[in-house]
>>> print(open('upload39.txt').read())   # compact mmCIF, C-alpha atoms and all ligand atoms
# COMPACT_ATOMS: atom_id res chain seq x y z
CA MET C 1 161.83 58.31 34.31
CA ASN C 2 162.26 60.68 37.22
CA GLU C 3 159.32 63.01 37.56
CA ASN C 4 160.85 64.49 40.69
CA THR C 5 163.13 66.57 38.49
CA GLN C 6 160.21 69.00 38.07
CA ILE C 7 161.19 69.33 34.43
CA LEU C 8 157.84 71.00 33.64
CA ALA C 9 157.85 73.40 36.60
CA GLY C 10 155.86 76.56 35.89
CA ARG C 11 154.55 75.27 32.55
CA VAL C 12 150.89 75.25 31.54
CA ILE C 13 149.87 72.18 29.54
CA LEU C 14 146.48 71.37 28.07
CA VAL C 15 145.55 67.70 27.79
CA THR C 16 142.54 66.75 25.68
CA GLY C 17 140.76 63.65 26.90
CA GLY C 18 142.27 64.22 30.34
CA GLY C 19 139.47 62.38 32.13
CA TYR C 20 140.25 58.83 31.09
CA GLY C 21 142.90 56.42 29.87
CA ILE C 22 146.18 57.68 28.48
CA GLY C 23 145.12 61.33 28.86
CA ARG C 24 144.52 60.95 32.60
CA THR C 25 147.88 59.23 33.13
CA ALA C 26 149.66 61.87 31.04
CA ALA C 27 147.98 64.69 32.97
CA LEU C 28 149.13 63.16 36.27
CA THR C 29 152.63 62.67 34.87
CA TYR C 30 152.85 66.30 33.78
CA ALA C 31 151.51 67.54 37.12
CA ARG C 32 154.07 65.37 38.98
CA ALA C 33 156.75 67.03 36.85
CA GLY C 34 155.57 70.45 38.02
CA ALA C 35 153.10 71.53 35.32
CA THR C 36 149.74 73.18 35.77
CA VAL C 37 147.48 70.96 33.73
CA ILE C 38 144.29 72.01 31.95
CA LEU C 39 142.04 68.99 31.61
CA LEU C 40 139.73 69.12 28.58
CA GLY C 41 137.07 66.53 27.82
CA ARG C 42 133.40 65.76 27.46
CA THR C 43 132.62 64.04 30.77
CA LEU C 44 132.79 66.41 33.72
CA ASP C 45 132.86 63.69 36.40
CA ALA C 46 135.86 62.03 34.77
CA LEU C 47 137.74 65.33 34.48
CA ASN C 48 136.94 66.07 38.12
CA ASP C 49 138.28 62.65 39.13
CA THR C 50 141.60 63.45 37.43
CA TYR C 51 141.56 66.87 39.10
CA ASP C 52 141.05 65.17 42.50
CA LEU C 53 143.93 62.74 41.89
CA ILE C 54 146.20 65.74 41.21
CA GLU C 55 144.91 67.54 44.31
CA ALA C 56 145.36 64.43 46.49
CA GLU C 57 149.08 64.38 45.64
CA GLY C 58 149.44 68.09 46.47
CA LEU C 59 150.52 68.89 42.89
CA PRO C 60 149.93 72.22 41.10
CA GLN C 61 146.19 72.80 41.00
CA ALA C 62 144.68 71.66 37.71
CA ALA C 63 141.87 73.30 35.76
CA VAL C 64 138.88 71.59 34.19
CA LEU C 65 137.40 72.62 30.84
CA GLN C 66 134.38 70.64 29.78
CA PHE C 67 134.30 70.73 26.00
CA ASP C 68 132.94 68.45 23.29
CA LEU C 69 135.09 68.15 20.16
CA GLU C 70 131.93 67.27 18.27
CA GLU C 71 131.25 71.02 18.42
CA LYS C 72 130.94 72.42 14.89
CA ASP C 73 130.68 76.11 15.74
CA GLU C 74 134.19 77.56 15.35
CA ALA C 75 133.32 80.49 17.62
CA ARG C 76 133.14 78.07 20.57
CA TYR C 77 136.79 77.13 20.01
CA GLN C 78 137.73 80.80 19.95
CA GLN C 79 135.82 81.30 23.22
CA LEU C 80 137.67 78.37 24.77
CA ALA C 81 141.03 79.92 23.85
CA THR C 82 139.88 83.23 25.33
CA VAL C 83 139.02 81.54 28.63
CA ILE C 84 142.49 79.97 28.72
CA ARG C 85 144.14 83.31 27.94
CA GLU C 86 142.17 85.07 30.68
CA ASN C 87 143.17 82.47 33.26
CA PHE C 88 146.69 81.45 32.22
CA GLY C 89 147.96 83.98 29.65
CA HIS C 90 149.66 81.39 27.45
CA LEU C 91 150.24 77.65 26.90
CA ASP C 92 153.57 75.79 26.99
CA GLY C 93 152.18 72.54 25.64
CA VAL C 94 149.16 70.77 24.21
CA LEU C 95 148.66 67.01 24.23
CA MET C 96 146.08 66.29 21.54
CA ASN C 97 144.98 62.97 22.95
CA ALA C 98 141.17 62.82 22.80
CA GLY C 99 139.71 60.52 20.21
CA VAL C 100 137.02 57.99 19.43
CA LEU C 101 137.21 54.57 17.83
CA GLY C 102 134.02 54.40 15.77
CA GLN C 103 133.10 51.04 14.26
CA ARG C 104 135.36 48.09 13.58
CA THR C 105 133.84 46.97 10.29
CA MET C 106 134.29 46.94 6.53
CA ILE C 107 133.85 50.11 4.51
CA ASP C 108 130.74 48.56 2.86
CA ASN C 109 129.03 48.41 6.25
CA TYR C 110 130.36 51.60 7.79
CA HIS C 111 127.60 53.93 8.96
CA TRP C 112 127.65 57.40 7.43
CA GLU C 113 126.76 59.02 10.78
CA THR C 114 129.55 57.19 12.62
CA TRP C 115 132.04 58.14 9.90
CA GLN C 116 131.09 61.81 10.23
CA LYS C 117 131.28 61.69 14.03
CA VAL C 118 134.74 60.10 14.08
CA MET C 119 136.07 62.58 11.51
CA GLN C 120 134.52 65.49 13.41
CA ILE C 121 136.03 64.54 16.79
CA ASN C 122 139.36 63.11 15.63
CA VAL C 123 140.09 65.58 12.81
CA ASN C 124 137.84 68.64 12.45
CA GLY C 125 137.50 69.40 16.16
CA GLN C 126 141.22 68.86 16.58
CA PHE C 127 141.95 71.28 13.73
CA ALA C 128 139.68 73.98 15.19
CA LEU C 129 141.15 73.51 18.64
CA ILE C 130 144.81 73.74 17.63
CA LYS C 131 144.06 76.66 15.27
CA HIS C 132 142.72 78.73 18.15
CA LEU C 133 145.32 77.54 20.67
CA LEU C 134 148.26 78.52 18.44
CA PRO C 135 148.36 82.18 19.58
CA LEU C 136 148.61 80.94 23.18
CA LEU C 137 151.50 78.65 22.24
CA HIS C 138 153.24 81.50 20.39
CA ASP C 139 153.14 83.44 23.66
CA ALA C 140 154.96 80.74 25.65
CA PRO C 141 157.92 82.42 27.36
CA ASN C 142 160.33 79.67 26.26
CA ASP C 143 159.68 76.71 23.98
CA ALA C 144 156.27 75.13 23.38
CA SER C 145 155.28 71.63 22.31
CA VAL C 146 152.27 70.16 20.48
CA VAL C 147 151.92 66.39 20.55
CA PHE C 148 149.30 64.79 18.32
CA THR C 149 148.16 61.24 19.06
CA SER C 150 148.42 58.76 16.23
CA SER C 151 148.09 55.00 15.93
CA SER C 152 149.77 52.23 13.98
CA VAL C 153 146.67 52.24 11.73
CA GLY C 154 147.33 55.94 11.06
CA ARG C 155 150.67 55.03 9.51
CA GLU C 156 149.60 51.95 7.56
CA GLY C 157 145.96 51.32 6.67
CA ARG C 158 144.37 48.15 8.03
CA ALA C 159 141.12 46.38 7.14
CA TYR C 160 138.10 46.99 9.39
CA TRP C 161 139.55 50.13 11.07
CA GLY C 162 137.43 52.48 8.92
CA ALA C 163 137.20 56.13 9.90
CA TYR C 164 139.53 55.70 12.88
CA SER C 165 142.42 54.68 10.62
CA VAL C 166 141.64 57.45 8.11
CA SER C 167 141.33 60.04 10.89
CA LYS C 168 144.75 59.09 12.25
CA PHE C 169 146.28 59.49 8.76
CA ALA C 170 144.70 62.96 8.77
CA THR C 171 146.21 63.62 12.20
CA GLU C 172 149.64 62.77 10.81
CA GLY C 173 148.94 65.14 7.91
CA LEU C 174 147.90 67.93 10.23
CA MET C 175 151.04 67.39 12.27
CA GLN C 176 153.28 67.56 9.16
CA VAL C 177 151.60 70.66 7.71
CA LEU C 178 151.72 72.50 11.03
CA ALA C 179 155.30 71.42 11.73
CA GLN C 180 156.48 72.84 8.38
CA GLU C 181 154.54 76.06 8.87
CA LEU C 182 156.12 76.60 12.29
CA GLU C 183 159.65 75.53 11.37
CA ASN C 184 162.22 78.28 11.97
CA THR C 185 159.46 80.82 12.54
CA SER C 186 158.41 80.00 16.07
CA ASN C 187 159.36 78.36 19.33
CA ILE C 188 156.68 75.70 18.82
CA ARG C 189 157.61 72.12 17.99
CA VAL C 190 155.02 69.69 16.66
CA ASN C 191 155.21 65.90 16.63
CA SER C 192 152.95 62.87 16.62
CA LEU C 193 153.11 59.95 19.01
CA ASN C 194 151.71 56.46 18.56
CA PRO C 195 151.07 55.11 22.07
CA GLY C 196 150.91 51.49 20.87
CA GLY C 197 148.51 49.00 22.47
CA THR C 198 147.68 50.40 25.92
CA ARG C 199 145.21 49.17 28.56
CA THR C 200 142.29 51.59 28.27
CA SER C 201 138.58 51.39 27.53
CA MET C 202 139.26 52.21 23.86
CA ARG C 203 141.64 49.27 23.60
CA ALA C 204 139.05 46.99 25.24
CA MET C 205 136.45 48.18 22.75
CA ALA C 206 138.78 47.52 19.81
CA TYR C 207 139.83 44.07 21.06
CA PRO C 208 136.90 42.71 23.11
CA ALA C 209 138.31 39.17 23.25
CA GLU C 210 141.69 40.26 24.63
CA ASN C 211 142.59 39.78 28.29
CA PRO C 212 143.35 43.35 29.43
CA ILE C 213 146.00 42.09 31.85
CA THR C 214 148.17 41.24 28.83
CA VAL C 215 148.16 44.86 27.61
CA PRO C 216 150.69 47.33 29.05
CA GLU C 217 149.34 50.16 31.22
CA ALA C 218 149.69 53.80 30.24
CA ASP C 219 152.39 54.34 32.89
CA SER C 220 154.78 52.26 30.77
CA ILE C 221 154.88 54.88 27.98
CA MET C 222 154.98 58.05 30.06
CA ALA C 223 158.72 58.57 29.57
CA ALA C 224 157.95 59.42 25.93
CA TYR C 225 154.99 61.65 26.82
CA LEU C 226 157.07 63.53 29.37
CA HIS C 227 160.09 63.86 27.09
CA LEU C 228 158.08 65.39 24.23
CA MET C 229 156.53 67.99 26.54
CA SER C 230 159.83 68.91 28.18
CA PRO C 231 162.63 71.16 26.88
CA ALA C 232 164.72 67.98 26.47
CA SER C 233 162.93 67.46 23.13
CA ILE C 234 163.45 71.01 21.89
CA SER C 235 165.09 69.87 18.64
CA THR C 236 162.50 67.16 17.89
CA HIS C 237 160.14 68.59 15.29
CA GLY C 238 157.84 67.18 12.61
CA GLN C 239 158.47 63.58 13.62
CA ALA C 240 156.12 60.61 13.79
CA LEU C 241 157.25 58.78 16.91
CA ASP C 242 156.43 55.54 18.67
CA ALA C 243 155.86 55.89 22.43
CA ARG C 244 157.02 52.41 23.33
CA GLU C 245 160.25 52.68 21.30
CA LEU C 246 160.97 56.18 22.55
CA SER C 247 160.29 55.24 26.19
CA ALA C 248 162.63 52.25 25.88
CA ALA C 249 165.34 54.43 24.31
CA LEU C 250 164.94 57.03 27.04
CA SER C 251 165.14 54.45 29.84
CA GLY C 252 168.26 53.06 28.12
CA ASP C 253 169.70 56.57 28.14
CA SER C 254 169.00 57.06 31.82
CA ALA C 255 170.37 53.59 32.64
CA ASN C 256 173.59 54.49 30.81
CA ALA C 257 173.85 57.93 32.40
P1 LIG C 301 139.97 56.38 26.02
O1 LIG C 301 140.27 55.83 27.36
O2 LIG C 301 138.71 55.99 25.33
O3 LIG C 301 140.08 57.95 26.10
C1 LIG C 301 139.65 58.79 25.05
C2 LIG C 301 139.54 60.19 25.60
O4 LIG C 301 139.03 61.05 24.58
C3 LIG C 301 138.58 60.27 26.79
O5 LIG C 301 139.15 61.05 27.81
C4 LIG C 301 137.37 60.94 26.19
O6 LIG C 301 136.68 61.69 27.16
C5 LIG C 301 137.99 61.85 25.11
N1 LIG C 301 137.01 62.18 24.11
C6 LIG C 301 136.31 61.34 23.32
N2 LIG C 301 135.43 62.00 22.57
C7 LIG C 301 135.54 63.31 22.90
C8 LIG C 301 134.88 64.49 22.49
N3 LIG C 301 133.89 64.46 21.60
N4 LIG C 301 135.25 65.67 23.04
C9 LIG C 301 136.23 65.72 23.95
N5 LIG C 301 136.90 64.63 24.39
C10 LIG C 301 136.55 63.43 23.87
O7 LIG C 301 141.12 56.01 24.98
P2 LIG C 301 142.71 55.96 25.10
O8 LIG C 301 143.10 54.60 24.75
O9 LIG C 301 143.19 56.60 26.35
O10 LIG C 301 143.08 56.87 23.83
C11 LIG C 301 143.80 58.08 23.90
C12 LIG C 301 144.38 58.35 22.54
O11 LIG C 301 145.33 57.34 22.20
C13 LIG C 301 143.34 58.34 21.41
O12 LIG C 301 143.64 59.37 20.49
C14 LIG C 301 143.54 56.98 20.77
O13 LIG C 301 143.14 56.98 19.42
C15 LIG C 301 145.03 56.80 20.93
N6 LIG C 301 145.49 55.42 20.88
C16 LIG C 301 145.21 54.54 21.86
C17 LIG C 301 145.68 53.25 21.79
C18 LIG C 301 145.40 52.24 22.88
O14 LIG C 301 145.79 51.05 22.74
N7 LIG C 301 144.77 52.60 23.98
C19 LIG C 301 146.47 52.84 20.70
C20 LIG C 301 146.75 53.76 19.69
C21 LIG C 301 146.26 55.05 19.80
P3 LIG C 301 135.08 61.75 27.19
O15 LIG C 301 134.58 60.37 26.99
O16 LIG C 301 134.75 62.36 28.48
O17 LIG C 301 134.76 62.64 26.06
>>> encode(input="upload39.txt", output="structure tokens", more="lines below")
Ligand code: NAP
Amino acid sequence: MNENTQILAGRVILVTGGGYGIGRTAALTYARAGATVILLGRTLDALNDTYDLIEAEGLPQAAVLQFDLEEKDEARYQQLATVIRENFGHLDGVLMNAGVLGQRTMIDNYHWETWQKVMQINVNGQFALIKHLLPLLHDAPNDASVVFTSSSVGREGRAYWGAYSVSKFATEGLMQVLAQELENTSNIRVNSLNPGGTRTSMRAMAYPAENPITVPEADSIMAAYLHLMSPASISTHGQALDARELSAALSGDSANA
């Protein structure tokens, strides 16, 4: 991957969950490729830390939007889109990355409140957000890209993954519905990406006995994240992709170039 190509120069990209983990690494990757990144998340300090990392490298100045996807009032999502329009005019990309794990337990034991919270953040909040961001994506001067974040348990159900697994199936469904609705009628492409096991706090929570050193860092999958946000993926639409496979294929491509 060569971020020095400035393949995202002049683009405005919103990253949900931009304060931690994969979202932070993706935001830095996009900024290094020339994008102005809008960092959305719950924890202001974490978002500010990502902002500072971008500043320290002299990259295009980022913006911070503190927002909780547990929000149930749709008007707040509309207000958020208005703030983005007032400051940036449009969006060229959205990485729907924020998410929560919930409990790792059997359905019999799953707490009702936790189930509702996971579905609210991972599905309902995501729906409200993308609904209100769509007009900004339609106004992108060239192409625009929406990347939803899936999981292997969002493509095949697995015991003890509860609401997280079900919410990722819903994410795939949202991606497919939106992709069909936008096909041939817009410049917006929509795909989902499964990062695969990646060294973050969510991974550590899901696999507490695992030695984190054995899990690949987020940098190792950024070729896929960058590709899907860049015009190089303009004909990729409605696909459920695997970040590790795609990154390997892309590095094979560049090695053969
Ligand atoms: P992470 O480090 O826990 O990051 C999750 C991000 O989501 C944080 O930035 C968090 O910020 C944000 N978030 C959580 N609840 C939120 C809310 N209510 N409102 C707004 N933002 C919220 O996890 P990660 O591993 O980087 O995960 C990123 C994505 O990849 C997730 O969708 C996850 O399901 C998916 N994924 C990860 C792995 C893996 O192995 N790491 C594997 C498959 C899929 P705040 O805490 O500040 O809200």
>>> residues_near_ligand(input="upload39.txt", ligand="ligand LIG 301 (chain C)", cutoff="8 Å", atoms="all atoms listed in the file", output="JSON, numbers by chain")
{"C": [16, 17, 18, 19, 20, 21, 22, 23, 24, 40, 41, 42, 43, 44, 46, 47, 66, 67, 68, 69, 70, 71, 96, 97, 98, 99, 100, 101, 121, 122, 149, 150, 151, 152, 164, 168, 194, 195, 196, 197, 198, 199, 200, 201, 202, 203]}
>>> closest_residue(input="upload39.txt", among="C:Val166, C:Val153, C:Leu65, C:Val190", to="Gln79 in chain C", atoms="only C-alpha atoms")
C:Leu65
>>> atom_distance(input="upload39.txt", atom1="CA of Ser167 in chain C", atom2="CA of Leu226 in chain C")
24.5 Å
>>> residues_around(input="upload39.txt", residues="range 37-39 of chain C", least_positions_apart="5", cutoff="6 Å", atoms="all atoms listed in the file", output="VMD selection string")
chain C and resid 12 to 15 18 62 to 65
>>> closest_residue(input="upload39.txt", among="C:Pro135, C:Asp108, C:Ala163, C:Val147", to="Val123 in chain C", atoms="only C-alpha atoms")
C:Ala163
>>> closest_residue(input="upload39.txt", among="C:Trp115, C:Phe148, C:Tyr77, C:Tyr110", to="Ala179 in chain C", atoms="all atoms listed in the file")
C:Phe148
>>> build_atoms(input="upload39.txt", residues="range 78-89 of chain C", atoms="all heavy atoms", output="compact mmCIF listing (two decimals), keeping the file's coordinate frame")
# COMPACT_ATOMS: atom_id res chain seq x y z
N GLN C 78 137.13 79.49 19.68
CA GLN C 78 137.73 80.80 19.95
C GLN C 78 137.44 81.20 21.41
O GLN C 78 138.32 81.68 22.12
CB GLN C 78 137.16 81.84 18.97
CG GLN C 78 137.59 83.28 19.24
CD GLN C 78 139.09 83.46 19.13
OE1 GLN C 78 139.64 83.34 18.05
NE2 GLN C 78 139.76 83.73 20.24
N GLN C 79 136.20 80.97 21.84
CA GLN C 79 135.82 81.30 23.22
C GLN C 79 136.65 80.50 24.22
O GLN C 79 137.08 81.01 25.25
CB GLN C 79 134.33 81.02 23.47
CG GLN C 79 133.39 82.03 22.83
CD GLN C 79 131.96 81.50 22.68
OE1 GLN C 79 131.61 80.45 23.24
NE2 GLN C 79 131.14 82.21 21.94
N LEU C 80 136.87 79.23 23.89
CA LEU C 80 137.67 78.37 24.77
C LEU C 80 139.08 78.94 24.92
O LEU C 80 139.63 79.02 26.04
CB LEU C 80 137.73 76.97 24.15
CG LEU C 80 138.33 75.87 24.99
CD1 LEU C 80 137.33 75.42 26.05
CD2 LEU C 80 138.69 74.67 24.10
N ALA C 81 139.67 79.34 23.80
CA ALA C 81 141.03 79.92 23.85
C ALA C 81 141.03 81.21 24.67
O ALA C 81 141.99 81.48 25.41
CB ALA C 81 141.52 80.18 22.42
N THR C 82 139.97 81.98 24.56
CA THR C 82 139.88 83.23 25.33
C THR C 82 139.84 82.93 26.83
O THR C 82 140.52 83.60 27.62
CB THR C 82 138.62 84.04 24.91
OG1 THR C 82 138.73 84.29 23.51
CG2 THR C 82 138.51 85.35 25.66
N VAL C 83 139.08 81.92 27.21
CA VAL C 83 139.02 81.54 28.63
C VAL C 83 140.41 81.14 29.13
O VAL C 83 140.83 81.53 30.22
CB VAL C 83 138.01 80.37 28.84
CG1 VAL C 83 138.12 79.77 30.23
CG2 VAL C 83 136.59 80.85 28.57
N ILE C 84 141.14 80.39 28.32
CA ILE C 84 142.49 79.97 28.72
C ILE C 84 143.40 81.20 28.84
O ILE C 84 144.16 81.34 29.80
CB ILE C 84 143.07 78.93 27.73
CG1 ILE C 84 142.20 77.66 27.76
CG2 ILE C 84 144.51 78.60 28.07
CD1 ILE C 84 142.53 76.66 26.67
N ARG C 85 143.29 82.10 27.88
CA ARG C 85 144.14 83.31 27.94
C ARG C 85 143.84 84.12 29.19
O ARG C 85 144.75 84.58 29.88
CB ARG C 85 143.98 84.16 26.69
CG ARG C 85 144.93 85.36 26.70
CD ARG C 85 144.97 86.14 25.41
NE ARG C 85 145.58 85.46 24.29
CZ ARG C 85 146.90 85.23 24.14
NH1 ARG C 85 147.75 85.58 25.08
NH2 ARG C 85 147.35 84.64 23.06
N GLU C 86 142.55 84.27 29.51
CA GLU C 86 142.17 85.07 30.68
C GLU C 86 142.70 84.47 31.97
O GLU C 86 143.04 85.17 32.91
CB GLU C 86 140.64 85.20 30.75
CG GLU C 86 140.10 86.19 29.74
CD GLU C 86 138.58 86.15 29.60
OE1 GLU C 86 137.92 85.32 30.27
OE2 GLU C 86 138.07 86.93 28.77
N ASN C 87 142.78 83.13 32.01
CA ASN C 87 143.17 82.47 33.26
C ASN C 87 144.66 82.14 33.34
O ASN C 87 145.21 82.08 34.44
CB ASN C 87 142.37 81.18 33.44
CG ASN C 87 140.93 81.49 33.84
OD1 ASN C 87 140.65 81.73 35.01
ND2 ASN C 87 140.02 81.54 32.87
N PHE C 88 145.29 81.90 32.18
CA PHE C 88 146.69 81.45 32.22
C PHE C 88 147.63 82.30 31.37
O PHE C 88 148.84 82.18 31.49
CB PHE C 88 146.78 79.98 31.76
CG PHE C 88 146.02 79.04 32.66
CD1 PHE C 88 144.74 78.62 32.33
CD2 PHE C 88 146.57 78.60 33.85
CE1 PHE C 88 144.03 77.78 33.15
CE2 PHE C 88 145.87 77.75 34.70
CZ PHE C 88 144.59 77.36 34.35
N GLY C 89 147.11 83.08 30.44
CA GLY C 89 147.96 83.98 29.65
C GLY C 89 148.60 83.33 28.43
O GLY C 89 148.76 83.97 27.40
